[in-house]
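Content type mmCIF, C-alpha atoms and all ligand atoms, from the file run.cif:
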data_run
loop_
_atom_site.label_atom_id
_atom_site.label_comp_id
_atom_site.auth_asym_id
_atom_site.auth_seq_id
_atom_site.Cartn_x
_atom_site.Cartn_y
_atom_site.Cartn_z
CA MET T 1 0.00 0.00 0.00
CA SER T 2 1.19 3.53 -0.80
CA ASP T 3 2.16 5.63 2.22
CA LYS T 4 1.46 8.83 0.28
CA PRO T 5 -1.59 10.67 1.61
CA ILE T 6 -4.74 10.58 -0.50
CA THR T 7 -4.62 13.59 -2.81
CA LEU T 8 -8.25 14.56 -2.42
CA SER T 9 -11.13 13.24 -0.39
CA GLY T 10 -14.76 14.21 -0.05
CA ARG T 11 -16.81 12.85 2.85
CA ALA T 12 -20.59 12.85 3.24
CA LEU T 13 -20.88 15.81 0.86
CA ARG T 14 -24.26 17.41 0.58
CA HIS T 15 -25.14 20.48 -1.43
CA THR T 16 -28.26 22.57 -1.56
CA TYR T 17 -29.22 25.26 -4.07
CA GLY T 18 -31.93 27.34 -2.38
CA LYS T 19 -34.21 24.68 -0.87
CA ASP T 20 -33.21 21.91 -3.26
CA GLU T 21 -30.67 19.38 -2.09
CA VAL T 22 -28.88 18.11 -5.23
CA LEU T 23 -26.06 16.09 -3.62
CA HIS T 24 -27.12 13.64 -0.94
CA GLY T 25 -23.98 12.52 0.86
CA VAL T 26 -21.18 11.72 -1.56
CA ASP T 27 -17.91 10.02 -0.55
CA ILE T 28 -14.97 10.12 -2.94
CA ASP T 29 -11.22 9.53 -2.72
CA VAL T 30 -8.69 10.42 -5.41
CA GLN T 31 -5.26 8.82 -5.09
CA PRO T 32 -2.01 10.56 -6.11
CA GLY T 33 -1.72 10.60 -9.90
CA GLU T 34 -5.07 8.89 -10.38
CA VAL T 35 -7.37 9.89 -13.27
CA VAL T 36 -11.03 9.66 -12.26
CA ALA T 37 -13.98 10.25 -14.60
CA LEU T 38 -17.35 11.39 -13.23
CA MET T 39 -20.15 10.23 -15.50
CA GLY T 40 -23.93 10.13 -15.30
CA PRO T 41 -27.05 11.76 -16.69
CA SER T 42 -27.53 15.49 -17.06
CA GLY T 43 -28.51 17.01 -13.71
CA SER T 44 -27.12 14.12 -11.64
CA GLY T 45 -24.71 16.46 -9.82
CA LYS T 46 -21.36 15.95 -11.56
CA SER T 47 -20.45 19.63 -11.95
CA THR T 48 -21.67 20.46 -8.46
CA LEU T 49 -19.44 17.73 -7.00
CA LEU T 50 -16.46 18.94 -9.06
CA HIS T 51 -17.01 22.51 -7.82
CA LEU T 52 -17.20 21.35 -4.19
CA LEU T 53 -13.99 19.33 -4.52
CA ALA T 54 -12.20 22.33 -6.07
CA GLY T 55 -13.39 24.71 -3.36
CA LEU T 56 -15.42 26.74 -5.86
CA LEU T 57 -18.56 25.94 -3.86
CA THR T 58 -18.96 25.29 -0.14
CA PRO T 59 -20.84 22.10 0.82
CA SER T 60 -23.98 22.38 2.95
CA SER T 61 -22.39 19.64 5.05
CA GLY T 62 -19.52 17.20 4.81
CA GLU T 63 -15.78 17.68 4.36
CA VAL T 64 -13.26 18.17 1.56
CA ARG T 65 -9.59 17.47 2.26
CA LEU T 66 -6.58 18.13 0.04
CA ARG T 67 -3.69 15.93 1.20
CA GLY T 68 -5.46 15.51 4.50
CA GLU T 69 -6.12 19.21 5.18
CA ARG T 70 -9.67 20.53 5.37
CA ILE T 71 -10.25 23.04 2.58
CA ASP T 72 -14.01 23.55 2.78
CA THR T 73 -13.61 25.54 6.01
CA LEU T 74 -10.98 27.93 4.61
CA SER T 75 -11.81 31.54 3.74
CA GLU T 76 -12.67 32.35 0.13
CA SER T 77 -9.32 34.06 -0.39
CA ALA T 78 -7.38 31.13 1.09
CA ARG T 79 -9.22 28.78 -1.25
CA ALA T 80 -8.53 31.05 -4.23
CA ASP T 81 -4.84 31.01 -3.35
CA LEU T 82 -4.87 27.24 -3.02
CA ARG T 83 -6.57 26.87 -6.42
CA LEU T 84 -3.95 29.08 -8.01
CA ARG T 85 -0.98 27.21 -6.52
CA ARG T 86 -2.07 23.62 -6.10
CA MET T 87 -4.86 22.99 -8.61
CA GLY T 88 -5.33 23.26 -12.36
CA PHE T 89 -8.54 23.74 -14.33
CA VAL T 90 -9.73 22.88 -17.84
CA PHE T 91 -13.26 23.85 -18.83
CA GLN T 92 -15.32 23.08 -21.92
CA PHE T 93 -14.37 26.26 -23.76
CA GLY T 94 -10.86 26.56 -22.36
CA ASP T 95 -11.45 29.97 -20.79
CA LEU T 96 -8.27 31.40 -22.31
CA VAL T 97 -7.83 35.17 -22.20
CA PRO T 98 -8.45 36.30 -25.82
CA GLU T 99 -6.22 39.39 -25.57
CA LEU T 100 -3.17 37.28 -24.69
CA THR T 101 -1.21 34.94 -26.95
CA LEU T 102 -1.40 31.22 -26.19
CA VAL T 103 2.02 31.18 -24.50
CA GLU T 104 1.07 34.21 -22.37
CA ASN T 105 -2.05 32.31 -21.30
CA VAL T 106 -0.07 29.19 -20.46
CA GLU T 107 2.50 31.04 -18.34
CA LEU T 108 -0.20 32.91 -16.40
CA PRO T 109 -0.35 30.58 -13.36
CA LEU T 110 3.42 30.96 -12.96
CA ARG T 111 3.39 34.74 -13.45
CA LEU T 112 0.54 35.11 -10.93
CA THR T 113 2.53 33.18 -8.32
CA GLY T 114 5.62 35.35 -8.67
CA HIS T 115 7.78 33.40 -11.12
CA ARG T 116 10.10 35.46 -13.29
CA ARG T 117 9.07 36.06 -16.87
CA ALA T 118 11.99 34.14 -18.45
CA ALA T 119 11.51 31.03 -16.31
CA ALA T 120 7.73 31.11 -16.82
CA ARG T 121 8.15 31.52 -20.58
CA ARG T 122 10.58 28.61 -20.70
CA ALA T 123 8.32 26.26 -18.72
CA ALA T 124 5.28 27.24 -20.81
CA GLY T 125 7.23 26.78 -24.06
CA ASP T 126 8.53 23.35 -23.06
CA LEU T 127 5.09 22.08 -22.14
CA MET T 128 3.51 23.50 -25.30
CA ALA T 129 6.18 21.76 -27.37
CA ALA T 130 5.41 18.47 -25.60
CA LEU T 131 1.72 18.99 -26.42
CA GLY T 132 2.41 19.77 -30.08
CA ILE T 133 1.39 23.44 -30.07
CA ALA T 134 4.77 25.20 -30.04
CA ASP T 135 4.14 26.50 -33.57
CA VAL T 136 1.03 28.46 -32.50
CA ALA T 137 2.44 29.77 -29.21
CA ASP T 138 2.41 33.39 -30.37
CA ARG T 139 -1.10 33.36 -31.81
CA ARG T 140 -4.24 34.55 -30.09
CA LEU T 141 -7.37 32.50 -29.46
CA ASN T 142 -9.14 33.64 -32.66
CA GLU T 143 -6.18 32.46 -34.75
CA VAL T 144 -6.07 28.81 -33.64
CA SER T 145 -8.26 25.72 -33.91
CA GLY T 146 -10.49 24.48 -31.10
CA GLY T 147 -8.14 21.55 -30.48
CA GLN T 148 -5.09 23.82 -30.29
CA ALA T 149 -6.88 26.16 -27.90
CA GLN T 150 -7.92 23.25 -25.70
CA ARG T 151 -4.37 21.86 -25.63
CA ALA T 152 -3.20 25.32 -24.55
CA ALA T 153 -5.83 25.16 -21.77
CA VAL T 154 -4.36 21.78 -20.76
CA ALA T 155 -0.86 23.29 -20.72
CA ARG T 156 -2.08 26.20 -18.57
CA ALA T 157 -3.72 23.74 -16.14
CA LEU T 158 -0.46 21.80 -15.68
CA VAL T 159 2.35 24.35 -16.09
CA HIS T 160 2.69 24.96 -12.34
CA SER T 161 2.76 21.20 -11.52
CA PRO T 162 -0.49 21.15 -9.53
CA GLU T 163 -1.40 18.21 -7.32
CA ILE T 164 -4.76 17.89 -9.02
CA VAL T 165 -6.46 19.04 -12.23
CA PHE T 166 -10.23 19.49 -12.50
CA ALA T 167 -11.66 19.19 -15.99
CA ASP T 168 -15.35 19.85 -16.69
CA GLU T 169 -16.29 18.49 -20.13
CA PRO T 170 -12.79 19.33 -21.43
CA THR T 171 -13.59 17.92 -24.87
CA GLY T 172 -17.25 18.98 -24.99
CA SER T 173 -16.74 21.55 -27.75
CA LEU T 174 -14.59 19.29 -29.97
CA ASP T 175 -15.17 16.52 -32.50
CA THR T 176 -14.36 12.97 -31.34
CA LEU T 177 -10.89 12.70 -32.85
CA THR T 178 -9.75 16.12 -31.64
CA GLY T 179 -11.28 15.37 -28.25
CA GLU T 180 -9.22 12.20 -28.00
CA GLN T 181 -6.06 14.13 -28.87
CA VAL T 182 -6.84 16.61 -26.11
CA MET T 183 -7.43 13.75 -23.65
CA GLU T 184 -4.12 12.17 -24.65
CA ALA T 185 -2.48 15.54 -24.00
CA LEU T 186 -4.21 15.96 -20.64
CA VAL T 187 -3.61 12.45 -19.32
CA GLY T 188 -0.09 12.26 -20.77
CA ALA T 189 0.96 15.58 -19.20
CA ALA T 190 -0.70 14.66 -15.90
CA ARG T 191 1.18 11.34 -15.79
CA GLU T 192 4.40 13.20 -16.58
CA THR T 193 3.95 15.63 -13.67
CA GLY T 194 2.21 13.21 -11.28
CA ALA T 195 -0.99 15.27 -11.09
CA ALA T 196 -4.27 13.55 -10.28
CA VAL T 197 -7.21 14.40 -12.56
CA VAL T 198 -10.94 14.56 -11.87
CA LEU T 199 -12.91 14.99 -15.06
CA VAL T 200 -16.58 15.26 -15.89
CA THR T 201 -17.66 13.78 -19.18
CA HIS T 202 -20.66 12.36 -21.00
CA GLU T 203 -18.52 10.47 -23.46
CA MET T 204 -17.35 6.89 -23.04
CA SER T 205 -14.41 7.53 -25.38
CA VAL T 206 -13.22 10.26 -23.00
CA ALA T 207 -13.87 8.23 -19.83
CA ALA T 208 -11.79 5.43 -21.39
CA PHE T 209 -8.69 7.53 -20.64
CA ALA T 210 -9.42 7.39 -16.89
CA ASP T 211 -8.11 4.82 -14.42
CA ARG T 212 -11.57 4.62 -12.86
CA ASP T 213 -15.03 5.93 -13.61
CA LEU T 214 -17.70 6.81 -11.10
CA GLN T 215 -21.34 6.85 -12.15
CA MET T 216 -23.52 9.52 -10.60
CA ARG T 217 -27.29 9.38 -10.41
CA ASP T 218 -29.71 11.67 -8.57
CA GLY T 219 -27.02 13.33 -6.48
CA GLN T 220 -25.23 10.17 -5.43
CA ILE T 221 -22.40 7.97 -6.64
CA ARG T 222 -23.76 4.60 -7.64
CA GLN T 223 -21.84 1.73 -6.15
CA PRO T 224 -20.32 -0.59 -8.72
CA ALA T 225 -22.46 -3.68 -9.21
CA THR T 226 -21.03 -6.56 -7.22
CA VAL T 227 -21.29 -10.17 -8.24
CA SER T 228 -22.14 -12.53 -5.43
CA PRO T 229 -19.96 -15.66 -5.13
CA THR T 230 -22.94 -17.88 -5.99
CA GLU T 231 -23.21 -16.19 -9.38
CA LEU T 232 -19.63 -16.94 -10.35
N1 LIG M 301 -26.65 27.51 -9.64
C1 LIG M 301 -27.66 26.64 -9.52
N2 LIG M 301 -28.82 27.01 -8.94
C2 LIG M 301 -29.83 26.13 -8.76
N3 LIG M 301 -29.81 24.86 -9.17
C3 LIG M 301 -28.68 24.43 -9.76
C4 LIG M 301 -27.55 25.30 -9.97
N4 LIG M 301 -26.58 24.58 -10.58
C5 LIG M 301 -27.09 23.33 -10.76
N5 LIG M 301 -28.33 23.23 -10.26
C6 LIG M 301 -29.17 22.02 -10.23
O1 LIG M 301 -28.45 21.03 -9.51
C7 LIG M 301 -28.62 19.75 -10.10
C8 LIG M 301 -27.24 19.18 -10.44
O2 LIG M 301 -26.64 20.00 -11.43
P1 LIG M 301 -25.19 19.75 -12.01
O3 LIG M 301 -24.88 20.87 -12.95
O4 LIG M 301 -24.27 19.49 -10.88
O5 LIG M 301 -25.43 18.40 -12.82
P2 LIG M 301 -24.55 17.72 -13.96
O6 LIG M 301 -24.62 16.26 -13.69
O7 LIG M 301 -23.19 18.36 -14.00
O8 LIG M 301 -25.37 18.09 -15.25
P3 LIG M 301 -24.89 18.33 -16.79
O9 LIG M 301 -24.35 17.00 -17.24
O10 LIG M 301 -26.15 18.72 -17.49
O11 LIG M 301 -23.86 19.42 -16.76
C9 LIG M 301 -29.54 19.95 -11.30
O12 LIG M 301 -30.85 19.64 -10.90
C10 LIG M 301 -29.40 21.42 -11.59
O13 LIG M 301 -30.57 21.94 -12.18
#
Show me this structure written as structure tokens.
Amino acid sequence: MSDKPITLSGRALRHTYGKDEVLHGVDIDVQPGEVVALMGPSGSGKSTLLHLLAGLLTPSSGEVRLRGERIDTLSESARADLRLRRMGFVFQFGDLVPELTLVENVELPLRLTGHRRAAARRAAGDLMAALGIADVADRRLNEVSGGQAQRAAVARALVHSPEIVFADEPTGSLDTLTGEQVMEALVGAARETGAAVVLVTHEMSVAAFADRDLQMRDGQIRQPATVSPTEL
């Protein structure tokens, strides 16, 4: 058994919007370097769970721990700082800053945490080369393809070697082949840096890149079906 602490854990997580409880006590553990896919029907609570685990939302009850430390009880500014330094994010439409070039977008997490321009530029350039987008590093969002933009979003999520990356439908805006290339980039770069990944997806071809998939339904994680010994 690994003696490394669990990267992320959620315990008995509940979440309520107004009067409606949409998560009804979810437990989840993510091991170091593990890639976990959250699947399930629309409205089952996948994005809400992802936002709770990333500290973007506060649970109504339950606990979220990053490497054993409670994060759901931290102040908003402490959680924002933790997201900047220890987490990475990839969303469906990348969320790149259109006024900046791709390489300026990718180096942003390093620049915002005080790294010098030259070192940040070098790290961003190396990662973009590994992801096959070095040739478009100086272009802006409106001058690149959706797949190139999304690979830049992957590079930005990993450039500061976070412990965990959260990806909400990271391939949702792409065709199947391009989506698979983006997933290869995401999982490959995460394996390289040792980051764990939690991703939300509707697509089996995307979930196939994960080490494990969890099926959500009606605000809960469905337990995997077990086969009783008499059925074997
Ligand atoms: N800001 C909000 N205010 C009120 N209700 C919300 C809000 N966000 C989500 N919900 C509701 O919470 C439930 C879970 O939504 P959530 O977005 O987590 O599901 P999901 O599984 O990610 O869905 P999808 O696959 O469609 O993105 C849904 O019933 C949704 O309508």
Compile the contact shell of Ser75 of chain T as a list in words: residues with an atom at most 12 Å away, counting all atoms listed in the file, same-chain residues fewer than 3 positions apart removed.
-> Gly55, Leu56, Leu57, Thr58, Arg70, Ile71, Asp72, Ala78, Arg79, Ala80, Asp81 and Leu82 of chain T
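The shortest atom-to-atom distance to Ser9 of chain T, with only C-alpha atoms taken into account, belongs to T:Arg67 out of T:Arg67, T:Leu49, T:Pro41, T:Gly172.
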Quick one: residues within 9 Å of ligand LIG 301 (chain M), with all atoms listed in the file, as a PyMOL selection string?
-> chain T and resi 15-18+20-23+38-51+168-169+200-202+216-219
Work out how far apart atom CA of Val182 of chain T and atom CA of Ala120 of chain T are and give it in Å to one decimal.
->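 Calculated distance between atom CA of Val182 of chain T and atom CA of Ala120 of chain T is 22.6 Å.
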Can you tell me, as an MDAnalysis selection string, which residues sit within 8 Å of (4.3, 25.9, -25.4) in the file's frame, using only C-alpha atoms?
-> chainID T and resid 102:103 106 123:134 137 152 155
Dump C-alpha atoms for the selected residues as a PDB file, in the frame of the given file?
ATOM      1  CA  LEU T 102      -1.400  31.220 -26.190  1.00  0.00           C
ATOM      2  CA  VAL T 103       2.020  31.180 -24.500  1.00  0.00           C
ATOM      3  CA  VAL T 106      -0.070  29.190 -20.460  1.00  0.00           C
ATOM      4  CA  ALA T 123       8.320  26.260 -18.720  1.00  0.00           C
ATOM      5  CA  ALA T 124       5.280  27.240 -20.810  1.00  0.00           C
ATOM      6  CA  GLY T 125       7.230  26.780 -24.060  1.00  0.00           C
ATOM      7  CA  ASP T 126       8.530  23.350 -23.060  1.00  0.00           C
ATOM      8  CA  LEU T 127       5.090  22.080 -22.140  1.00  0.00           C
ATOM      9  CA  MET T 128       3.510  23.500 -25.300  1.00  0.00           C
ATOM     10  CA  ALA T 129       6.180  21.760 -27.370  1.00  0.00           C
ATOM     11  CA  ALA T 130       5.410  18.470 -25.600  1.00  0.00           C
ATOM     12  CA  LEU T 131       1.720  18.990 -26.420  1.00  0.00           C
ATOM     13  CA  GLY T 132       2.410  19.770 -30.080  1.00  0.00           C
ATOM     14  CA  ILE T 133       1.390  23.440 -30.070  1.00  0.00           C
ATOM     15  CA  ALA T 134       4.770  25.200 -30.040  1.00  0.00           C
ATOM     16  CA  ALA T 137       2.440  29.770 -29.210  1.00  0.00           C
ATOM     17  CA  ALA T 152      -3.200  25.320 -24.550  1.00  0.00           C
ATOM     18  CA  ALA T 155      -0.860  23.290 -20.720  1.00  0.00           C
TER      19      ALA T 155
END
Distance in Å - atom CA of His24 of chain T versus atom CA of Glu76 of chain T |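 Those two atoms sit 23.7 Å apart.
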Between atom CA of Ala208 of chain T and atom CA of Val36 of chain T, measure the distance and give it in Å to one decimal.
->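 Between atom CA of Ala208 of chain T and atom CA of Val36 of chain T the gap works out to 10.1 Å.
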With a distance cut-off of 8 Å and all atoms listed in the file, select the neighbouring residues of Leu110 of chain T, excluding the residue or stretch itself and same-chain residues fewer than 3 positions from it, and output the selection as a list of chain:residue names.
->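 Surrounding residues, per the criterion: T:Glu107, T:Thr113, T:Gly114, T:His115, T:Ala120, T:Val159, T:His160.
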Output the selection as a tab-separated table (two decimals), keeping the file's coordinate frame - C-alpha atoms for each residue.
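Wrote it out as again-v8.tsv, contents follow:
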chain	number	residue	atom	x	y	z
T	107	GLU	CA	2.50	31.04	-18.34
T	113	THR	CA	2.53	33.18	-8.32
T	114	GLY	CA	5.62	35.35	-8.67
T	115	HIS	CA	7.78	33.40	-11.12
T	120	ALA	CA	7.73	31.11	-16.82
T	159	VAL	CA	2.35	24.35	-16.09
T	160	HIS	CA	2.69	24.96	-12.34
Residue nearest Ala196 of chain T among T:Leu158, T:Leu108, T:Val35, T:Val64 (counting all atoms listed in the file) |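 Comparing T:Leu158, T:Leu108, T:Val35, T:Val64 against Ala196 of chain T, the winner is T:Val35.
Between Phe91 of chain T and the residues T:Met204, T:Ala157, T:Ala185, T:Ile221, the shortest atom-to-atom distance, using all atoms listed in the file, involves T:Ala157.
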Tell me, as a VMD selection string, which residues lie within 8 Å of Gly88 of chain T, counting only C-alpha atoms; anything in the same chain fewer than 5 positions away does not count.
-> chain T and resid 83 156 to 158 162 164 to 166
Kindly extract all protein, DNA and RNA residues lying within 12 Å of the coordinates (-17.7, 5.9, -3.2) given in the file, considering all atoms listed in the file, and supply them as a compact mmCIF listing (two decimals) with C-alpha atoms, in the frame of the given file.
# COMPACT_ATOMS: atom_id res chain seq x y z
CA SER T 9 -11.13 13.24 -0.39
CA GLY T 10 -14.76 14.21 -0.05
CA ARG T 11 -16.81 12.85 2.85
CA ALA T 12 -20.59 12.85 3.24
CA LEU T 13 -20.88 15.81 0.86
CA GLY T 25 -23.98 12.52 0.86
CA VAL T 26 -21.18 11.72 -1.56
CA ASP T 27 -17.91 10.02 -0.55
CA ILE T 28 -14.97 10.12 -2.94
CA ASP T 29 -11.22 9.53 -2.72
CA VAL T 30 -8.69 10.42 -5.41
CA VAL T 36 -11.03 9.66 -12.26
CA LEU T 38 -17.35 11.39 -13.23
CA ARG T 212 -11.57 4.62 -12.86
CA ASP T 213 -15.03 5.93 -13.61
CA LEU T 214 -17.70 6.81 -11.10
CA GLN T 215 -21.34 6.85 -12.15
CA MET T 216 -23.52 9.52 -10.60
CA GLN T 220 -25.23 10.17 -5.43
CA ILE T 221 -22.40 7.97 -6.64
CA ARG T 222 -23.76 4.60 -7.64
CA GLN T 223 -21.84 1.73 -6.15
CA PRO T 224 -20.32 -0.59 -8.72
Could I get segment 17-49 of chain T rebuilt with N, CA and C atoms, written as a short mmCIF file (atom, residue, chain, number, x, y, z; two decimals), in the frame of the given file?
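result-v4.cif written:
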data_model
loop_
_atom_site.label_atom_id
_atom_site.label_comp_id
_atom_site.auth_asym_id
_atom_site.auth_seq_id
_atom_site.Cartn_x
_atom_site.Cartn_y
_atom_site.Cartn_z
N TYR T 17 -29.01 23.98 -3.40
CA TYR T 17 -29.22 25.26 -4.07
C TYR T 17 -30.58 25.77 -3.63
N GLY T 18 -30.64 26.89 -2.92
CA GLY T 18 -31.93 27.34 -2.38
C GLY T 18 -32.45 26.27 -1.43
N LYS T 19 -33.64 25.73 -1.73
CA LYS T 19 -34.21 24.68 -0.87
C LYS T 19 -33.92 23.28 -1.40
N ASP T 20 -33.37 23.22 -2.62
CA ASP T 20 -33.21 21.91 -3.26
C ASP T 20 -31.87 21.27 -2.95
N GLU T 21 -31.92 20.12 -2.30
CA GLU T 21 -30.67 19.38 -2.09
C GLU T 21 -30.39 18.57 -3.36
N VAL T 22 -29.21 18.80 -3.96
CA VAL T 22 -28.88 18.11 -5.23
C VAL T 22 -27.76 17.09 -5.06
N LEU T 23 -27.03 17.15 -3.95
CA LEU T 23 -26.06 16.09 -3.62
C LEU T 23 -26.45 15.56 -2.25
N HIS T 24 -26.52 14.23 -2.15
CA HIS T 24 -27.12 13.64 -0.94
C HIS T 24 -26.14 12.80 -0.15
N GLY T 25 -24.93 13.29 0.05
CA GLY T 25 -23.98 12.52 0.86
C GLY T 25 -23.05 11.70 -0.01
N VAL T 26 -22.10 12.38 -0.64
CA VAL T 26 -21.18 11.72 -1.56
C VAL T 26 -19.82 11.52 -0.89
N ASP T 27 -19.28 10.32 -1.01
CA ASP T 27 -17.91 10.02 -0.55
C ASP T 27 -17.06 9.75 -1.78
N ILE T 28 -15.87 10.35 -1.80
CA ILE T 28 -14.97 10.12 -2.94
C ILE T 28 -13.53 10.29 -2.48
N ASP T 29 -12.66 9.41 -2.97
CA ASP T 29 -11.22 9.53 -2.72
C ASP T 29 -10.51 9.54 -4.07
N VAL T 30 -9.52 10.40 -4.20
CA VAL T 30 -8.69 10.42 -5.41
C VAL T 30 -7.25 10.21 -4.96
N GLN T 31 -6.63 9.16 -5.48
CA GLN T 31 -5.26 8.82 -5.09
C GLN T 31 -4.25 9.67 -5.87
N PRO T 32 -3.01 9.79 -5.37
CA PRO T 32 -2.01 10.56 -6.11
C PRO T 32 -1.86 10.05 -7.54
N GLY T 33 -1.93 10.95 -8.50
CA GLY T 33 -1.72 10.60 -9.90
C GLY T 33 -2.87 9.86 -10.56
N GLU T 34 -3.95 9.66 -9.82
CA GLU T 34 -5.07 8.89 -10.38
C GLU T 34 -5.95 9.77 -11.29
N VAL T 35 -6.45 9.18 -12.38
CA VAL T 35 -7.37 9.89 -13.27
C VAL T 35 -8.77 9.31 -13.08
N VAL T 36 -9.68 10.12 -12.58
CA VAL T 36 -11.03 9.66 -12.26
C VAL T 36 -12.04 10.40 -13.14
N ALA T 37 -12.93 9.64 -13.79
CA ALA T 37 -13.98 10.25 -14.60
C ALA T 37 -15.30 10.21 -13.85
N LEU T 38 -16.00 11.34 -13.78
CA LEU T 38 -17.35 11.39 -13.23
C LEU T 38 -18.31 11.36 -14.40
N MET T 39 -19.18 10.35 -14.41
CA MET T 39 -20.15 10.23 -15.50
C MET T 39 -21.55 10.20 -14.91
N GLY T 40 -22.55 10.20 -15.78
CA GLY T 40 -23.93 10.13 -15.30
C GLY T 40 -24.80 11.10 -16.05
N PRO T 41 -26.12 10.94 -15.91
CA PRO T 41 -27.05 11.76 -16.69
C PRO T 41 -26.96 13.24 -16.35
N SER T 42 -27.45 14.05 -17.27
CA SER T 42 -27.53 15.49 -17.06
C SER T 42 -28.33 15.76 -15.78
N GLY T 43 -27.81 16.65 -14.94
CA GLY T 43 -28.51 17.01 -13.71
C GLY T 43 -28.23 16.09 -12.55
N SER T 44 -27.36 15.08 -12.72
CA SER T 44 -27.12 14.12 -11.64
C SER T 44 -26.16 14.67 -10.57
N GLY T 45 -25.52 15.82 -10.85
CA GLY T 45 -24.71 16.46 -9.82
C GLY T 45 -23.21 16.44 -10.06
N LYS T 46 -22.79 16.08 -11.27
CA LYS T 46 -21.36 15.95 -11.56
C LYS T 46 -20.61 17.28 -11.39
N SER T 47 -21.14 18.34 -12.02
CA SER T 47 -20.45 19.63 -11.95
C SER T 47 -20.47 20.18 -10.53
N THR T 48 -21.58 19.98 -9.84
CA THR T 48 -21.67 20.46 -8.46
C THR T 48 -20.60 19.78 -7.61
N LEU T 49 -20.46 18.46 -7.77
CA LEU T 49 -19.44 17.73 -7.00
C LEU T 49 -18.04 18.25 -7.35
#
